[in-house]
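Source file work-v6.cif; content: mmCIF, C-alpha atoms.
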```cif
data_run
#
loop_
_atom_site.label_atom_id
_atom_site.label_comp_id
_atom_site.auth_asym_id
_atom_site.auth_seq_id
_atom_site.Cartn_x
_atom_site.Cartn_y
_atom_site.Cartn_z
CA MET A 1 0.00 0.00 0.00
CA ASP A 2 1.22 3.50 -0.77
CA ARG A 3 0.61 6.61 1.36
CA LYS A 4 -2.58 7.52 -0.50
CA ASP A 5 -4.07 4.06 0.06
CA ILE A 6 -3.19 4.14 3.77
CA ALA A 7 -4.66 7.62 4.21
CA ILE A 8 -7.88 6.67 2.43
CA ALA A 9 -8.26 3.43 4.41
CA VAL A 10 -7.79 5.17 7.78
CA LEU A 11 -9.97 8.19 6.93
CA THR A 12 -12.74 5.94 5.63
CA ALA A 13 -12.61 3.82 8.80
CA LEU A 14 -12.89 7.02 10.87
CA GLY A 15 -15.86 8.23 8.84
CA ILE A 16 -14.09 11.33 7.56
CA GLN A 17 -15.92 12.46 4.43
CA GLU A 18 -13.73 15.42 3.48
CA LEU A 19 -10.57 17.23 4.57
CA GLU A 20 -9.52 20.64 3.30
CA TYR A 21 -5.94 21.91 3.56
CA ALA A 22 -4.59 25.36 2.70
CA LEU A 23 -1.07 25.55 1.26
CA ASP A 24 1.11 28.66 1.16
CA GLY A 25 4.77 28.70 0.24
CA GLY A 26 7.62 30.85 -0.95
CA GLY A 27 11.31 31.42 -0.37
CA ASP A 28 12.40 28.03 0.91
CA SER A 29 9.46 27.15 3.13
CA GLY A 30 5.82 26.24 2.95
CA ASP A 31 2.94 25.72 5.32
CA SER A 32 0.06 23.30 5.04
CA THR A 33 -2.83 24.05 7.36
CA LEU A 34 -5.78 21.76 8.00
CA GLU A 35 -8.75 24.07 7.51
CA ARG A 36 -11.76 21.75 7.72
CA ILE A 37 -12.69 18.19 8.69
CA GLN A 38 -16.14 16.98 7.63
CA HIS A 39 -17.51 13.75 9.12
CA VAL A 40 -19.98 11.55 7.18
CA ASP A 41 -22.73 12.36 9.69
CA GLY A 42 -22.44 16.06 8.82
CA ARG A 43 -20.45 17.17 11.87
CA THR A 44 -17.46 19.43 11.43
CA LEU A 45 -14.63 18.12 13.59
CA GLU A 46 -12.10 20.32 15.36
CA LYS A 47 -9.06 18.06 14.87
CA LEU A 48 -7.95 14.67 13.66
CA PRO A 49 -7.59 11.87 16.21
CA ASN A 50 -4.01 11.23 17.28
CA ILE A 51 -3.70 7.79 15.72
CA PRO A 52 -0.31 6.12 15.21
CA ILE A 53 -0.22 4.36 11.84
CA GLY A 54 3.41 3.27 11.80
CA ILE A 55 6.77 3.43 13.53
CA LEU A 56 9.61 5.69 12.39
CA GLY A 57 13.29 4.89 12.80
CA GLY A 58 14.24 5.24 16.43
CA GLY A 59 10.89 3.88 17.56
CA TRP A 60 8.88 7.11 17.23
CA PRO A 61 5.23 6.77 16.17
CA TYR A 62 4.18 8.00 12.72
CA THR A 63 0.71 9.53 13.15
CA LEU A 64 -2.21 10.03 10.78
CA GLU A 65 -1.69 13.79 11.03
CA ALA A 66 1.98 13.51 9.98
CA LEU A 67 1.09 11.18 7.10
CA LEU A 68 -1.54 13.61 5.81
CA ASP A 69 0.79 16.63 6.19
CA ASP A 70 3.48 14.84 4.16
CA LEU A 71 1.01 13.63 1.54
CA VAL A 72 -0.67 17.02 1.09
CA ALA A 73 2.70 18.76 0.72
CA ASP A 74 3.66 16.34 -2.09
CA LEU A 75 0.37 16.43 -4.05
CA PRO A 76 0.83 19.70 -6.02
CA GLU A 77 2.57 19.11 -9.35
CA GLY A 78 4.53 22.37 -9.25
CA ASP A 79 7.04 23.71 -6.76
CA TRP A 80 4.85 25.63 -4.33
CA ILE A 81 7.58 25.99 -1.71
CA ASN A 82 10.80 27.29 -3.29
CA ASN A 83 11.51 30.68 -4.85
CA GLU A 84 8.26 32.59 -5.46
CA GLY A 85 6.24 29.51 -4.49
CA GLY A 86 2.50 29.24 -4.61
CA TYR A 87 -0.71 28.86 -2.69
CA GLY A 88 -3.93 26.92 -2.93
CA THR A 89 -6.03 24.13 -1.49
CA VAL A 90 -5.97 20.36 -1.34
CA ILE A 91 -9.20 18.53 -0.68
CA ILE A 92 -9.24 14.86 0.23
CA ARG A 93 -12.51 12.94 -0.21
CA PRO A 94 -11.94 9.36 0.99
CA PHE A 95 -15.32 8.04 -0.17
CA GLU A 96 -14.86 9.04 -3.84
CA ASP A 97 -14.17 6.21 -6.27
CA GLU A 98 -11.90 8.05 -8.72
CA GLU A 99 -8.45 9.22 -7.55
CA ASP A 100 -8.86 12.57 -9.37
CA LEU A 101 -11.94 13.28 -7.27
CA CYS A 102 -10.47 11.77 -4.13
CA PHE A 103 -7.41 14.07 -4.16
CA ASP A 104 -8.34 17.49 -5.54
CA CYS A 105 -5.47 19.95 -5.75
CA ASP A 106 -6.07 23.57 -6.85
CA MET A 107 -2.85 25.62 -6.83
CA THR A 108 -1.71 29.02 -8.05
CA TYR A 109 2.01 29.49 -8.65
CA ARG A 110 3.50 32.95 -8.26
CA ASP A 111 5.49 34.56 -11.07
CA GLU A 112 9.04 35.69 -10.41
CA GLY A 113 8.95 38.83 -8.30
CA ASP A 114 5.33 38.27 -7.18
CA TYR A 115 5.42 38.07 -3.40
CA GLY A 116 1.71 38.52 -2.79
CA GLY A 117 1.83 42.22 -1.86
CA ASP A 118 0.26 45.10 -3.70
CA ASP A 119 1.78 46.22 -6.98
CA ALA A 120 2.41 49.77 -5.78
CA GLU A 121 5.87 51.00 -6.61
CA PHE A 122 7.96 52.28 -3.71
CA VAL A 123 8.42 56.00 -4.06
CA ASP A 124 11.04 57.86 -2.06
CA GLU A 125 9.16 61.04 -1.14
CA ASP A 126 12.38 62.75 -0.06
CA GLU A 127 13.71 62.32 -3.61
CA ASP A 128 10.89 64.52 -4.95
CA ASP A 129 11.70 67.16 -2.31
CA ASP A 130 15.41 67.01 -3.26
CA ALA A 131 14.54 67.63 -6.90
CA ALA A 132 12.38 70.64 -5.96
CA PHE A 133 15.27 72.17 -3.99
CA GLU A 134 17.67 71.61 -6.88
CA ASP A 135 15.27 73.29 -9.31
CA GLN A 136 15.44 76.38 -7.10
CA GLY A 137 19.21 76.24 -6.93
CA VAL A 138 19.22 75.17 -3.29
CA SER A 139 21.03 72.11 -1.97
CA PRO A 140 18.97 69.99 0.48
#
```
The structure given in the file should be rewritten as structure tokens.
Amino acid sequence: MDRKDIAIAVLTALGIQELEYALDGGGDSGDSTLERIQHVDGRTLEKLPNIPIGILGGGWPYTLEALLDDLVADLPEGDWINNEGGYGTVIIRPFEDEEDLCFDCDMTYRDEGDYGGDDAEFVDEDEDDDAAFEDQGVSP
């Protein structure tokens, strides 16, 4: 079984109908945040149960939450972490039959120089004042 199969099997057994993650990255880092957990009975859950699903080297437990964080970070096809990065959502629907519907990834990748701020150009207001003084023959 691969990571996707394990995640689907555990989430289905728990009755989790849908998970929504938000991804945001840039520079050399990225964050994945679990935004919503929908149970099959319609309840919205606050957090995932702390379930160990494996053992890491050194004997540490590998939890469902860690598996999902790793999986979600690897699902986008583009590099959403490095350089300008990207942002978007990953939705996991364990009860869907088709993998494309089960793992829905909607990402936007930033262009070079796009860091998410406004497009306003930085203007040095003192520079305009300096030019006005020079026009009058006065040094600032």
Using only C-alpha atoms for the distances, tell me which of A:Glu98, A:Asp74, A:Asp106, A:Asp111 is nearest to Gly30 in chain A.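 Selected residue with least distance to Gly30 in chain A: A:Asp74.
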Closest to Asp28 in chain A among A:Asp70, A:Asp97, A:Asp79, A:Asp104, using all atoms listed in the file?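 Nearest to Asp28 in chain A: A:Asp79.
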Please write as a list in words the full residue list that the PyMOL selection byres ((chain A and resi 10) around 12) yields on this file.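 On the file shown, the PyMOL selection byres ((chain A and resi 10) around 12) covers Arg3, Lys4, Asp5, Ile6, Ala7, Ile8, Ala9, Leu11, Thr12, Ala13, Leu14, Gly15, Ile16, Gln17, Leu48, Pro49, Asn50, Ile51, Pro52, Ile53, Thr63, Leu64, Glu65, Leu67, Leu68, Pro94 and Phe95 of chain A.
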Could you tell me which residues the PyMOL selection byres ((chain A and resi 20) around 7) grabs in this file, written as a ChimeraX atom specification? /A:18-19,21-22,34-37,89-92
With all atoms listed in the file as the counted atoms, please give the residues lying no more than 10 Å from Asp31 in chain A, apart from itself and same-chain residues fewer than 4 positions off, as a list of chain:residue names.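 The residues satisfying every condition are A:Tyr21, A:Ala22, A:Leu23, A:Asp24, A:Gly25, A:Gly26, A:Asp69, A:Ala73, A:Trp80, A:Ile81, A:Tyr87.
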For a test of reading the model, state the distance in Å between CA of Val40 in chain A and CA of Leu71 in chain A, rounded to one decimal.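 Taking CA of Val40 in chain A and CA of Leu71 in chain A, their separation equals 21.8 Å.
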Two-atom distance - CA of Gly78 in chain A, CA of Tyr109 in chain A (Å):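 The value is 7.6 Å.
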For CA of Gly86 in chain A and CA of Thr108 in chain A, determine how far apart the two atoms are, in Å to one decimal place.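 The value is 5.4 Å.
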Just range 7-103 of chain A from the block, C-alpha atoms, as a compact mmCIF listing (two decimals), in the first residue's frame, could you?
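Written output follows (decode_11.txt):
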```txt
# COMPACT_ATOMS: atom_id res chain seq x y z
CA ALA A 7 -4.66 7.62 4.21
CA ILE A 8 -7.88 6.67 2.43
CA ALA A 9 -8.26 3.43 4.41
CA VAL A 10 -7.79 5.17 7.78
CA LEU A 11 -9.97 8.19 6.93
CA THR A 12 -12.74 5.94 5.63
CA ALA A 13 -12.61 3.82 8.80
CA LEU A 14 -12.89 7.02 10.87
CA GLY A 15 -15.86 8.23 8.84
CA ILE A 16 -14.09 11.33 7.56
CA GLN A 17 -15.92 12.46 4.43
CA GLU A 18 -13.73 15.42 3.48
CA LEU A 19 -10.57 17.23 4.57
CA GLU A 20 -9.52 20.64 3.30
CA TYR A 21 -5.94 21.91 3.56
CA ALA A 22 -4.59 25.36 2.70
CA LEU A 23 -1.07 25.55 1.26
CA ASP A 24 1.11 28.66 1.16
CA GLY A 25 4.77 28.70 0.24
CA GLY A 26 7.62 30.85 -0.95
CA GLY A 27 11.31 31.42 -0.37
CA ASP A 28 12.40 28.03 0.91
CA SER A 29 9.46 27.15 3.13
CA GLY A 30 5.82 26.24 2.95
CA ASP A 31 2.94 25.72 5.32
CA SER A 32 0.06 23.30 5.04
CA THR A 33 -2.83 24.05 7.36
CA LEU A 34 -5.78 21.76 8.00
CA GLU A 35 -8.75 24.07 7.51
CA ARG A 36 -11.76 21.75 7.72
CA ILE A 37 -12.69 18.19 8.69
CA GLN A 38 -16.14 16.98 7.63
CA HIS A 39 -17.51 13.75 9.12
CA VAL A 40 -19.98 11.55 7.18
CA ASP A 41 -22.73 12.36 9.69
CA GLY A 42 -22.44 16.06 8.82
CA ARG A 43 -20.45 17.17 11.87
CA THR A 44 -17.46 19.43 11.43
CA LEU A 45 -14.63 18.12 13.59
CA GLU A 46 -12.10 20.32 15.36
CA LYS A 47 -9.06 18.06 14.87
CA LEU A 48 -7.95 14.67 13.66
CA PRO A 49 -7.59 11.87 16.21
CA ASN A 50 -4.01 11.23 17.28
CA ILE A 51 -3.70 7.79 15.72
CA PRO A 52 -0.31 6.12 15.21
CA ILE A 53 -0.22 4.36 11.84
CA GLY A 54 3.41 3.27 11.80
CA ILE A 55 6.77 3.43 13.53
CA LEU A 56 9.61 5.69 12.39
CA GLY A 57 13.29 4.89 12.80
CA GLY A 58 14.24 5.24 16.43
CA GLY A 59 10.89 3.88 17.56
CA TRP A 60 8.88 7.11 17.23
CA PRO A 61 5.23 6.77 16.17
CA TYR A 62 4.18 8.00 12.72
CA THR A 63 0.71 9.53 13.15
CA LEU A 64 -2.21 10.03 10.78
CA GLU A 65 -1.69 13.79 11.03
CA ALA A 66 1.98 13.51 9.98
CA LEU A 67 1.09 11.18 7.10
CA LEU A 68 -1.54 13.61 5.81
CA ASP A 69 0.79 16.63 6.19
CA ASP A 70 3.48 14.84 4.16
CA LEU A 71 1.01 13.63 1.54
CA VAL A 72 -0.67 17.02 1.09
CA ALA A 73 2.70 18.76 0.72
CA ASP A 74 3.66 16.34 -2.09
CA LEU A 75 0.37 16.43 -4.05
CA PRO A 76 0.83 19.70 -6.02
CA GLU A 77 2.57 19.11 -9.35
CA GLY A 78 4.53 22.37 -9.25
CA ASP A 79 7.04 23.71 -6.76
CA TRP A 80 4.85 25.63 -4.33
CA ILE A 81 7.58 25.99 -1.71
CA ASN A 82 10.80 27.29 -3.29
CA ASN A 83 11.51 30.68 -4.85
CA GLU A 84 8.26 32.59 -5.46
CA GLY A 85 6.24 29.51 -4.49
CA GLY A 86 2.50 29.24 -4.61
CA TYR A 87 -0.71 28.86 -2.69
CA GLY A 88 -3.93 26.92 -2.93
CA THR A 89 -6.03 24.13 -1.49
CA VAL A 90 -5.97 20.36 -1.34
CA ILE A 91 -9.20 18.53 -0.68
CA ILE A 92 -9.24 14.86 0.23
CA ARG A 93 -12.51 12.94 -0.21
CA PRO A 94 -11.94 9.36 0.99
CA PHE A 95 -15.32 8.04 -0.17
CA GLU A 96 -14.86 9.04 -3.84
CA ASP A 97 -14.17 6.21 -6.27
CA GLU A 98 -11.90 8.05 -8.72
CA GLU A 99 -8.45 9.22 -7.55
CA ASP A 100 -8.86 12.57 -9.37
CA LEU A 101 -11.94 13.28 -7.27
CA CYS A 102 -10.47 11.77 -4.13
CA PHE A 103 -7.41 14.07 -4.16
```
